[in-house]
Amino acid sequence: MPMLISHNSALELLRSVPPQALKPEHAMSDLTVSELRPWSGMNDYPTLQAHGLSLLPVHFLVPSSKHQVKSPVTKLHRTSLATIPNDLVREVSPGVFASGPELTFIQMASTTSLIGAVVLGHELCGTYSHFAKMASGFYERPPLTNVAKIENAIKRLQGMYGLSRALAALRWVRDGSASPMETVVSCMLHLPVKLGGFGKQAPQLNHVVPLDKASQRITGKKTCRIDTAYPDTTTGMEFDGESYHRDAEKDRVRREALAHEGWTIYVVNVDEMCSYDELKKRVDLMSSVPQMPGQGEVDTKLGVELLGRLLRATRFGVGLNGTLFGVPVQRGKVKVHV
């Protein structure tokens with residue numbers, strides 16, 4: 001009988017197995033839910049570890065008729081669906097399957113907060129991945145899915161638990177984020193005021209700008225990308241981080257070219273991303289970018305809470321100032337060893 005690894009464990013697999021290293025294969029046929037079973041015990045654990053799964057408990061999807069057996073090493077999630085479409089699951093090994101990115105998003109949206117689901121959606125639809133274990137940083141990879149594919153999966157899984165929560169989160173997910181901090185910028189700009197965001201219209205992430213000959217001469221490139229862009233107003237915001245922007249001269253030339261093409265780019269650095277007040281100062285400059293209808297005044301208290309949640313959700317080291325000092329301290333002013 002087949003096993004279907006789901007929820008947290010499926011997400012662990014998506015993160016622990018880079019697609020560049022091992023291209024996943026869809027199941028050959030739809031899975032019959034009534035036939036699904038969890039693993040029988042720790043004897044199967046080495047097999048799962050060999051395929052990239054190490055965290056306990058292991059989560060499985062089983063039919064609703066399956067008796068819930070309490071176990072410290074397994075967590076069962078029951079469903080009343082009759083079948084799971086083959087293209088929504090991946091074959092890990094013969095008889096062992098795992099939820100694919102679309103199904104994993106839906107499953108995780110039912111167990112996490114709206115903000116957590118939105119952040120996860122940006123990751124799955126972006127070109128980066130967090131590590132499977134709780135560690136700062138990320139690695140680059142091709143997108144695992146996109147908003148349209150997740151939306152299509154939701155339509156095909158009518159009757160499954162958690163679809164309404166998945167749809168609610170998917171509304172705020174954008175394709176194309178290339179880093180956790182780009183996800184934070186996108187969410188802060190685009191999420192509605194009632195959630196703590198600035199309520200701006202939806203941006204395009206990593207928008208490609210064709211360059212004219214003058215711009216090509218100074219950059220040596222035919223196009224430039226903008227982290228978070230509003231093409232209608234030729235306005236964008238970018239995050240400057242030490243690990244992403246090592247060549248200051250190259251960045252300067254690129255932004256000169258974008259200015260030549262009519263773009264206004266606002267930049268936030270690491271310290272400014274940790275401060276809601278500093279971030280808001282930059283967003284206030286983006287007056288040409290309209291808010292979504294019915295947003296009202298930005299709520300500072302909610303904004304501070306949202307930014308903190310986003311930084312924690314993206315594993316950003318937001319705690320240094322708050323943990324080590326009682327006031328904001330500019331990076332580099334004090335030598336610390338952590």
# chains A, B, ... in the order shown; residues from 1 in each chain; ligands from 1
$ residues_around --residues "range 154-163 of chain A" --least-positions-apart "3" --cutoff "7 Å" --atoms "only C-alpha atoms" --output "NGL selection string"
:A and (79 or 81 or 106-107 or 109-110 or 150-151 or 166-167)
$ write_last_selection --atoms "all heavy atoms" --output "short mmCIF file (atom, residue, chain, number, x, y, z; two decimals), in the first residue's frame"
data_model
loop_
_atom_site.label_atom_id
_atom_site.label_comp_id
_atom_site.auth_asym_id
_atom_site.auth_seq_id
_atom_site.Cartn_x
_atom_site.Cartn_y
_atom_site.Cartn_z
N THR A 79 -8.16 12.95 5.25
CA THR A 79 -8.88 13.64 4.18
C THR A 79 -10.01 12.77 3.67
O THR A 79 -9.92 11.53 3.68
CB THR A 79 -7.94 14.00 3.02
OG1 THR A 79 -8.68 14.68 2.00
CG2 THR A 79 -7.31 12.75 2.41
N LEU A 81 -11.11 13.15 0.55
CA LEU A 81 -10.98 13.06 -0.90
C LEU A 81 -10.88 11.60 -1.33
O LEU A 81 -10.33 10.76 -0.60
CB LEU A 81 -9.74 13.81 -1.37
CG LEU A 81 -9.76 15.34 -1.28
CD1 LEU A 81 -8.41 15.89 -1.72
CD2 LEU A 81 -10.87 15.93 -2.14
N ILE A 106 -1.23 24.22 0.06
CA ILE A 106 -2.60 24.11 0.55
C ILE A 106 -2.62 23.48 1.94
O ILE A 106 -3.32 23.96 2.85
CB ILE A 106 -3.45 23.29 -0.43
CG1 ILE A 106 -3.57 24.03 -1.77
CG2 ILE A 106 -4.84 23.00 0.14
CD1 ILE A 106 -4.14 23.18 -2.91
N GLN A 107 -1.85 22.43 2.12
CA GLN A 107 -1.82 21.75 3.41
C GLN A 107 -1.24 22.64 4.50
O GLN A 107 -1.77 22.71 5.62
CB GLN A 107 -1.01 20.46 3.29
CG GLN A 107 -1.70 19.40 2.45
CD GLN A 107 -0.79 18.22 2.12
OE1 GLN A 107 0.43 18.32 2.19
NE2 GLN A 107 -1.40 17.10 1.76
N ALA A 109 -1.13 25.92 4.53
CA ALA A 109 -2.00 27.06 4.77
C ALA A 109 -3.09 26.74 5.78
O ALA A 109 -3.60 27.63 6.48
CB ALA A 109 -2.62 27.54 3.46
N SER A 110 -3.45 25.46 5.87
CA SER A 110 -4.49 25.06 6.81
C SER A 110 -3.97 24.92 8.23
O SER A 110 -4.76 24.80 9.17
CB SER A 110 -5.12 23.73 6.37
OG SER A 110 -4.20 22.66 6.52
N ILE A 150 -1.04 26.90 -8.33
CA ILE A 150 -1.66 26.66 -7.03
C ILE A 150 -3.15 26.92 -7.10
O ILE A 150 -3.96 26.15 -6.55
CB ILE A 150 -1.01 27.54 -5.95
CG1 ILE A 150 0.47 27.19 -5.79
CG2 ILE A 150 -1.74 27.38 -4.62
CD1 ILE A 150 1.22 28.08 -4.82
N GLU A 151 -3.54 27.99 -7.77
CA GLU A 151 -4.96 28.30 -7.92
C GLU A 151 -5.68 27.16 -8.65
O GLU A 151 -6.80 26.77 -8.29
CB GLU A 151 -5.13 29.62 -8.66
CG GLU A 151 -6.57 30.12 -8.71
CD GLU A 151 -6.66 31.50 -9.31
OE1 GLU A 151 -5.74 31.91 -10.07
OE2 GLU A 151 -7.65 32.19 -9.03
N ALA A 166 -6.19 28.62 2.05
CA ALA A 166 -5.17 28.67 1.00
C ALA A 166 -5.48 29.78 0.01
O ALA A 166 -4.59 30.53 -0.41
CB ALA A 166 -5.08 27.33 0.30
N LEU A 167 -6.75 29.90 -0.38
CA LEU A 167 -7.15 30.97 -1.30
C LEU A 167 -6.92 32.35 -0.70
O LEU A 167 -6.48 33.27 -1.38
CB LEU A 167 -8.62 30.80 -1.69
CG LEU A 167 -8.93 29.93 -2.91
CD1 LEU A 167 -10.43 29.80 -3.09
CD2 LEU A 167 -8.28 30.51 -4.17
#
$ residues_around --residues "Thr83 in chain A" --least-positions-apart "6" --cutoff "10 Å" --atoms "only C-alpha atoms" --output "count of residues only"
8
$ closest_atom_pairs --of "range 264-322 of chain A" --to "range 118-121 of chain A" --cutoff "12 Å" --atoms "only C-alpha atoms" --output "tab-separated table"
residue	atom	partner	partner_atom	distance
A:Leu306	CA	A:Val119	CA	11.7
A:Leu307	CA	A:Val119	CA	11.9
A:Arg309	CA	A:Val119	CA	10.0
A:Leu310	CA	A:Val119	CA	7.4
A:Leu311	CA	A:Val119	CA	9.9
A:Arg312	CA	A:Val119	CA	10.4
A:Ala313	CA	A:Val119	CA	7.0
A:Thr314	CA	A:Val119	CA	7.3
A:Arg315	CA	A:Val119	CA	10.9
$ residues_around --residues "range 255-269 of chain A" --least-positions-apart "2" --cutoff "9 Å" --atoms "only C-alpha atoms" --output "VMD selection string"
chain A and resid 209 to 212 214 to 216 218 to 219 224 226 229 231 233 to 242 250 to 253 271 to 274 278 to 279 282 to 283 285 to 286
$ write_last_selection --atoms "N, CA and C atoms" --output "compact mmCIF listing (two decimals), in the first residue's frame"
# COMPACT_ATOMS: atom_id res chain seq x y z
N VAL A 209 13.66 44.97 -17.34
CA VAL A 209 13.59 46.24 -18.07
C VAL A 209 14.54 46.18 -19.27
N PRO A 210 14.03 46.24 -20.50
CA PRO A 210 14.93 46.30 -21.67
C PRO A 210 15.71 47.61 -21.66
N LEU A 211 16.97 47.57 -22.05
CA LEU A 211 17.82 48.76 -22.05
C LEU A 211 18.08 49.24 -23.46
N ASP A 212 18.11 50.56 -23.62
CA ASP A 212 18.47 51.11 -24.93
C ASP A 212 19.99 51.04 -25.10
N ALA A 214 22.37 53.26 -25.14
CA ALA A 214 23.20 54.03 -24.20
C ALA A 214 23.33 53.29 -22.87
N SER A 215 22.22 52.74 -22.40
CA SER A 215 22.25 51.99 -21.15
C SER A 215 23.04 50.70 -21.29
N GLN A 216 22.94 50.06 -22.47
CA GLN A 216 23.69 48.83 -22.70
C GLN A 216 25.19 49.09 -22.68
N ILE A 218 26.89 51.25 -20.88
CA ILE A 218 27.48 51.43 -19.54
C ILE A 218 27.32 50.20 -18.67
N THR A 219 26.33 49.36 -18.97
CA THR A 219 26.12 48.16 -18.14
C THR A 219 26.70 46.90 -18.76
N CYS A 224 17.93 44.83 -17.40
CA CYS A 224 18.16 44.91 -15.97
C CYS A 224 16.91 44.42 -15.24
N ILE A 226 14.57 44.56 -11.69
CA ILE A 226 14.24 45.37 -10.52
C ILE A 226 13.55 44.46 -9.51
N ALA A 229 8.90 46.03 -8.50
CA ALA A 229 8.68 47.07 -9.51
C ALA A 229 7.20 47.37 -9.72
N PRO A 231 5.67 48.90 -12.92
CA PRO A 231 5.91 49.39 -14.29
C PRO A 231 5.02 50.56 -14.70
N THR A 233 4.15 53.10 -13.08
CA THR A 233 4.68 54.37 -12.59
C THR A 233 6.20 54.42 -12.68
N THR A 234 6.82 53.41 -13.31
CA THR A 234 8.28 53.28 -13.42
C THR A 234 8.96 53.59 -12.08
N THR A 235 8.44 52.93 -11.05
CA THR A 235 8.96 53.09 -9.69
C THR A 235 9.29 51.72 -9.13
N GLY A 236 10.38 51.64 -8.37
CA GLY A 236 10.74 50.36 -7.78
C GLY A 236 11.42 50.51 -6.44
N MET A 237 11.46 49.42 -5.70
CA MET A 237 12.19 49.38 -4.43
C MET A 237 13.09 48.15 -4.43
N GLU A 238 14.31 48.33 -3.93
CA GLU A 238 15.25 47.24 -3.89
C GLU A 238 15.88 47.14 -2.50
N PHE A 239 16.28 45.92 -2.17
CA PHE A 239 16.94 45.66 -0.90
C PHE A 239 18.42 45.51 -1.14
N ASP A 240 19.22 46.26 -0.38
CA ASP A 240 20.67 46.16 -0.45
C ASP A 240 21.16 45.36 0.73
N GLY A 241 21.66 44.17 0.46
CA GLY A 241 22.24 43.35 1.52
C GLY A 241 23.65 42.97 1.14
N GLU A 242 24.50 42.79 2.12
CA GLU A 242 25.91 42.52 1.84
C GLU A 242 26.10 41.28 0.99
N LYS A 250 29.06 48.19 -9.67
CA LYS A 250 28.12 47.59 -10.62
C LYS A 250 26.68 48.00 -10.31
N ASP A 251 26.35 48.05 -9.02
CA ASP A 251 25.01 48.49 -8.63
C ASP A 251 24.76 49.94 -9.02
N ARG A 252 25.79 50.78 -8.83
CA ARG A 252 25.64 52.19 -9.17
C ARG A 252 25.39 52.36 -10.66
N VAL A 253 26.16 51.67 -11.47
CA VAL A 253 26.01 51.77 -12.93
C VAL A 253 24.63 51.25 -13.35
N ASP A 271 19.70 47.48 7.94
CA ASP A 271 19.24 48.14 9.15
C ASP A 271 17.87 48.78 8.96
N GLU A 272 17.65 49.36 7.78
CA GLU A 272 16.36 49.99 7.52
C GLU A 272 15.23 48.97 7.44
N MET A 273 15.55 47.76 6.98
CA MET A 273 14.52 46.72 6.92
C MET A 273 14.14 46.22 8.31
N CYS A 274 14.99 46.46 9.29
CA CYS A 274 14.67 46.05 10.66
C CYS A 274 13.87 47.10 11.41
N GLU A 278 12.00 53.48 9.54
CA GLU A 278 12.90 53.74 8.42
C GLU A 278 12.32 53.22 7.11
N LEU A 279 11.69 52.06 7.16
CA LEU A 279 11.07 51.52 5.95
C LEU A 279 9.94 52.42 5.47
N ARG A 282 10.92 55.39 3.34
CA ARG A 282 11.17 55.10 1.92
C ARG A 282 9.86 54.88 1.16
N VAL A 283 8.94 54.18 1.81
CA VAL A 283 7.65 53.92 1.14
C VAL A 283 6.90 55.23 0.93
N LEU A 285 8.05 57.93 0.06
CA LEU A 285 8.57 58.58 -1.15
C LEU A 285 7.90 58.04 -2.41
N MET A 286 7.29 56.86 -2.29
CA MET A 286 6.68 56.21 -3.46
C MET A 286 5.23 56.67 -3.65
$ atom_distance --atom1 "CA of Thr74 in chain A" --atom2 "CA of Pro57 in chain A"
4.6 Å
$ atom_distance --atom1 "CA of Leu88 in chain A" --atom2 "CA of Ser136 in chain A"
28.8 Å
$ select_by_dssp --residues "range 185-235 of chain A" --states "strand (DSSP E)" --output "number ranges by chain"
A: 204-210, 223-230, 235
$ write_last_selection --atoms "C-alpha atoms" --output "JSON list (two decimals), in the first residue's frame"
[["chain", "number", "residue", "atom", "x", "y", "z"],
["A", 204, "GLN", "CA", 5.98, 42.75, -10.07],
["A", 205, "LEU", "CA", 8.98, 40.96, -8.61],
["A", 206, "ASN", "CA", 12.27, 40.85, -10.52],
["A", 207, "HIS", "CA", 10.73, 42.80, -13.37],
["A", 208, "VAL", "CA", 12.88, 42.81, -16.51],
["A", 209, "VAL", "CA", 13.59, 46.24, -18.07],
["A", 210, "PRO", "CA", 14.93, 46.30, -21.67],
["A", 223, "THR", "CA", 18.29, 44.10, -19.68],
["A", 224, "CYS", "CA", 18.16, 44.91, -15.97],
["A", 225, "ARG", "CA", 16.00, 43.42, -13.24],
["A", 226, "ILE", "CA", 14.24, 45.37, -10.52],
["A", 227, "ASP", "CA", 13.52, 43.54, -7.26],
["A", 228, "THR", "CA", 10.09, 45.05, -6.63],
["A", 229, "ALA", "CA", 8.68, 47.07, -9.51],
["A", 230, "TYR", "CA", 5.64, 49.10, -10.49],
["A", 235, "THR", "CA", 8.96, 53.09, -9.69]]
$ atom_distance --atom1 "CA of Ser113 in chain A" --atom2 "CA of Leu189 in chain A"
18.9 Å
$ residues_around --residues "Gly52 in chain A" --least-positions-apart "2" --cutoff "7 Å" --atoms "only C-alpha atoms" --output "list in words"
Leu13, Ser16, Val17, Leu48, Gln49, Ala50 and Ser54 of chain A
$ closest_atom_pairs --of "range 169-237 of chain A" --to "range 292-295 of chain A" --cutoff "12 Å" --atoms "only C-alpha atoms" --output "tab-separated table"
residue	atom	partner	partner_atom	distance
A:Leu189	CA	A:Met292	CA	10.6
A:His190	CA	A:Met292	CA	8.6
A:Leu191	CA	A:Met292	CA	9.6
A:Pro192	CA	A:Gln295	CA	6.7
A:Val193	CA	A:Gln295	CA	5.9
A:Lys194	CA	A:Gln295	CA	7.8
A:Leu195	CA	A:Gln295	CA	10.5
A:Gly196	CA	A:Gln295	CA	10.8
A:Gly197	CA	A:Gln295	CA	9.8
A:Phe198	CA	A:Gln295	CA	8.5
A:Gly199	CA	A:Met292	CA	5.8
A:Lys200	CA	A:Met292	CA	5.6
A:Gln201	CA	A:Met292	CA	5.2
A:Ala202	CA	A:Met292	CA	8.3
A:Pro203	CA	A:Met292	CA	11.5
$ closest_residue --among "A:Val289, A:Leu61, A:Leu4, A:Val173" --to "Ala148 in chain A" --atoms "only C-alpha atoms"
A:Val173
$ select_by_dssp --residues "range 126-330 of chain A" --states "helix (DSSP H, G or I)" --output "PyMOL selection string"
chain A and resi 147-156+163-170+180-190+193-195+213-219+231-233+248-260+270-273+276-284+300-313+319-324
$ residues_around --residues "Met28 in chain A" --least-positions-apart "2" --cutoff "12 Å" --atoms "only C-alpha atoms" --output "ChimeraX atom specification"
/A:25-26,30-31,84-91,94-95,97
$ write_last_selection --atoms "all heavy atoms" --output "CSV table (one decimal), in the first residue's frame"
chain,number,residue,atom,x,y,z
A,25,GLU,N,10.0,13.4,-9.9
A,25,GLU,CA,9.1,12.9,-10.8
A,25,GLU,C,7.7,12.8,-10.3
A,25,GLU,O,7.5,12.4,-9.1
A,25,GLU,CB,9.5,11.5,-11.3
A,25,GLU,CG,10.9,11.4,-11.9
A,25,GLU,CD,10.9,12.1,-13.3
A,25,GLU,OE1,9.8,12.3,-13.9
A,25,GLU,OE2,12.0,12.5,-13.8
A,26,HIS,N,6.7,13.2,-11.1
A,26,HIS,CA,5.3,13.0,-10.6
A,26,HIS,C,4.9,11.5,-10.6
A,26,HIS,O,5.6,10.7,-11.2
A,26,HIS,CB,4.4,13.7,-11.6
A,26,HIS,CG,4.5,15.2,-11.6
A,26,HIS,ND1,4.4,16.0,-10.4
A,26,HIS,CD2,4.7,16.1,-12.6
A,26,HIS,CE1,4.6,17.3,-10.7
A,26,HIS,NE2,4.7,17.4,-12.0
A,30,ASP,N,-3.0,8.7,-10.6
A,30,ASP,CA,-3.6,9.3,-9.4
A,30,ASP,C,-3.5,8.4,-8.2
A,30,ASP,O,-3.5,7.1,-8.4
A,30,ASP,CB,-5.1,9.6,-9.6
A,30,ASP,CG,-5.3,10.7,-10.7
A,30,ASP,OD1,-4.3,11.3,-11.1
A,30,ASP,OD2,-6.4,10.9,-11.2
A,31,LEU,N,-3.4,8.9,-7.0
A,31,LEU,CA,-3.4,8.1,-5.8
A,31,LEU,C,-4.8,7.9,-5.3
A,31,LEU,O,-5.6,8.8,-5.1
A,31,LEU,CB,-2.5,8.8,-4.7
A,31,LEU,CG,-1.0,9.0,-5.0
A,31,LEU,CD1,-0.3,9.5,-3.8
A,31,LEU,CD2,-0.4,7.7,-5.5
A,84,ILE,N,-6.1,11.7,-5.2
A,84,ILE,CA,-5.1,12.8,-5.3
A,84,ILE,C,-4.6,12.8,-6.7
A,84,ILE,O,-3.9,11.8,-7.1
A,84,ILE,CB,-4.0,12.8,-4.3
A,84,ILE,CG1,-4.6,12.6,-2.9
A,84,ILE,CG2,-3.1,14.0,-4.4
A,84,ILE,CD1,-5.3,13.8,-2.3
A,85,PRO,N,-4.8,13.9,-7.5
A,85,PRO,CA,-4.2,13.9,-8.9
A,85,PRO,C,-2.7,13.6,-8.9
A,85,PRO,O,-2.0,14.1,-8.0
A,85,PRO,CB,-4.5,15.3,-9.4
A,85,PRO,CG,-5.7,15.7,-8.6
A,85,PRO,CD,-5.5,15.1,-7.2
A,86,ASN,N,-2.3,12.9,-9.9
A,86,ASN,CA,-0.9,12.4,-9.9
A,86,ASN,C,0.1,13.6,-10.0
A,86,ASN,O,1.2,13.5,-9.5
A,86,ASN,CB,-0.7,11.4,-11.0
A,86,ASN,CG,-0.7,12.1,-12.4
A,86,ASN,OD1,-1.8,12.7,-12.8
A,86,ASN,ND2,0.3,12.1,-13.2
A,87,ASP,N,-0.3,14.7,-10.7
A,87,ASP,CA,0.7,15.8,-10.9
A,87,ASP,C,0.8,16.6,-9.7
A,87,ASP,O,1.6,17.6,-9.7
A,87,ASP,CB,0.3,16.6,-12.1
A,87,ASP,CG,-1.1,17.2,-11.9
A,87,ASP,OD1,-2.0,16.5,-11.5
A,87,ASP,OD2,-1.3,18.4,-12.3
A,88,LEU,N,0.1,16.3,-8.6
A,88,LEU,CA,0.2,17.1,-7.4
A,88,LEU,C,1.0,16.4,-6.3
A,88,LEU,O,1.2,16.9,-5.2
A,88,LEU,CB,-1.2,17.4,-6.8
A,88,LEU,CG,-2.1,18.3,-7.7
A,88,LEU,CD1,-3.4,18.6,-7.0
A,88,LEU,CD2,-1.4,19.6,-8.1
A,89,VAL,N,1.5,15.2,-6.7
A,89,VAL,CA,2.4,14.4,-5.8
A,89,VAL,C,3.6,14.0,-6.5
A,89,VAL,O,3.7,13.9,-7.7
A,89,VAL,CB,1.6,13.2,-5.2
A,89,VAL,CG1,0.4,13.6,-4.4
A,89,VAL,CG2,1.2,12.2,-6.3
A,90,ARG,N,4.7,13.8,-5.7
A,90,ARG,CA,6.0,13.3,-6.3
A,90,ARG,C,6.3,12.0,-5.7
A,90,ARG,O,6.1,11.7,-4.6
A,90,ARG,CB,7.1,14.4,-5.9
A,90,ARG,CG,6.8,15.8,-6.4
A,90,ARG,CD,7.8,16.7,-6.0
A,90,ARG,NE,7.7,18.0,-6.6
A,90,ARG,CZ,8.6,18.9,-6.8
A,90,ARG,NH1,9.8,18.7,-6.3
A,90,ARG,NH2,8.4,20.1,-7.4
A,91,GLU,N,6.9,11.2,-6.6
A,91,GLU,CA,7.4,9.9,-6.2
A,91,GLU,C,8.7,9.9,-5.6
A,91,GLU,O,9.7,10.3,-6.2
A,91,GLU,CB,7.3,8.9,-7.3
A,91,GLU,CG,7.6,7.4,-6.9
A,91,GLU,CD,7.3,6.5,-8.0
A,91,GLU,OE1,7.1,6.9,-9.2
A,91,GLU,OE2,7.3,5.2,-7.7
A,94,PRO,N,9.7,3.7,-4.7
A,94,PRO,CA,8.6,2.9,-5.0
A,94,PRO,C,7.6,2.8,-3.8
A,94,PRO,O,8.0,2.3,-2.7
A,94,PRO,CB,9.2,1.5,-5.3
A,94,PRO,CG,10.5,1.9,-5.9
A,94,PRO,CD,11.0,3.1,-5.1
A,95,GLY,N,6.4,3.2,-4.0
A,95,GLY,CA,5.4,3.1,-3.0
A,95,GLY,C,5.4,4.2,-2.0
A,95,GLY,O,4.5,4.3,-1.1
A,97,PHE,N,5.3,8.4,-1.7
A,97,PHE,CA,5.0,9.6,-2.4
A,97,PHE,C,5.0,10.8,-1.4
A,97,PHE,O,4.9,10.6,-0.2
A,97,PHE,CB,3.7,9.5,-3.1
A,97,PHE,CG,3.6,8.4,-4.1
A,97,PHE,CD1,3.2,7.1,-3.7
A,97,PHE,CD2,4.0,8.5,-5.4
A,97,PHE,CE1,3.1,6.1,-4.6
A,97,PHE,CE2,3.9,7.5,-6.3
A,97,PHE,CZ,3.5,6.2,-5.9
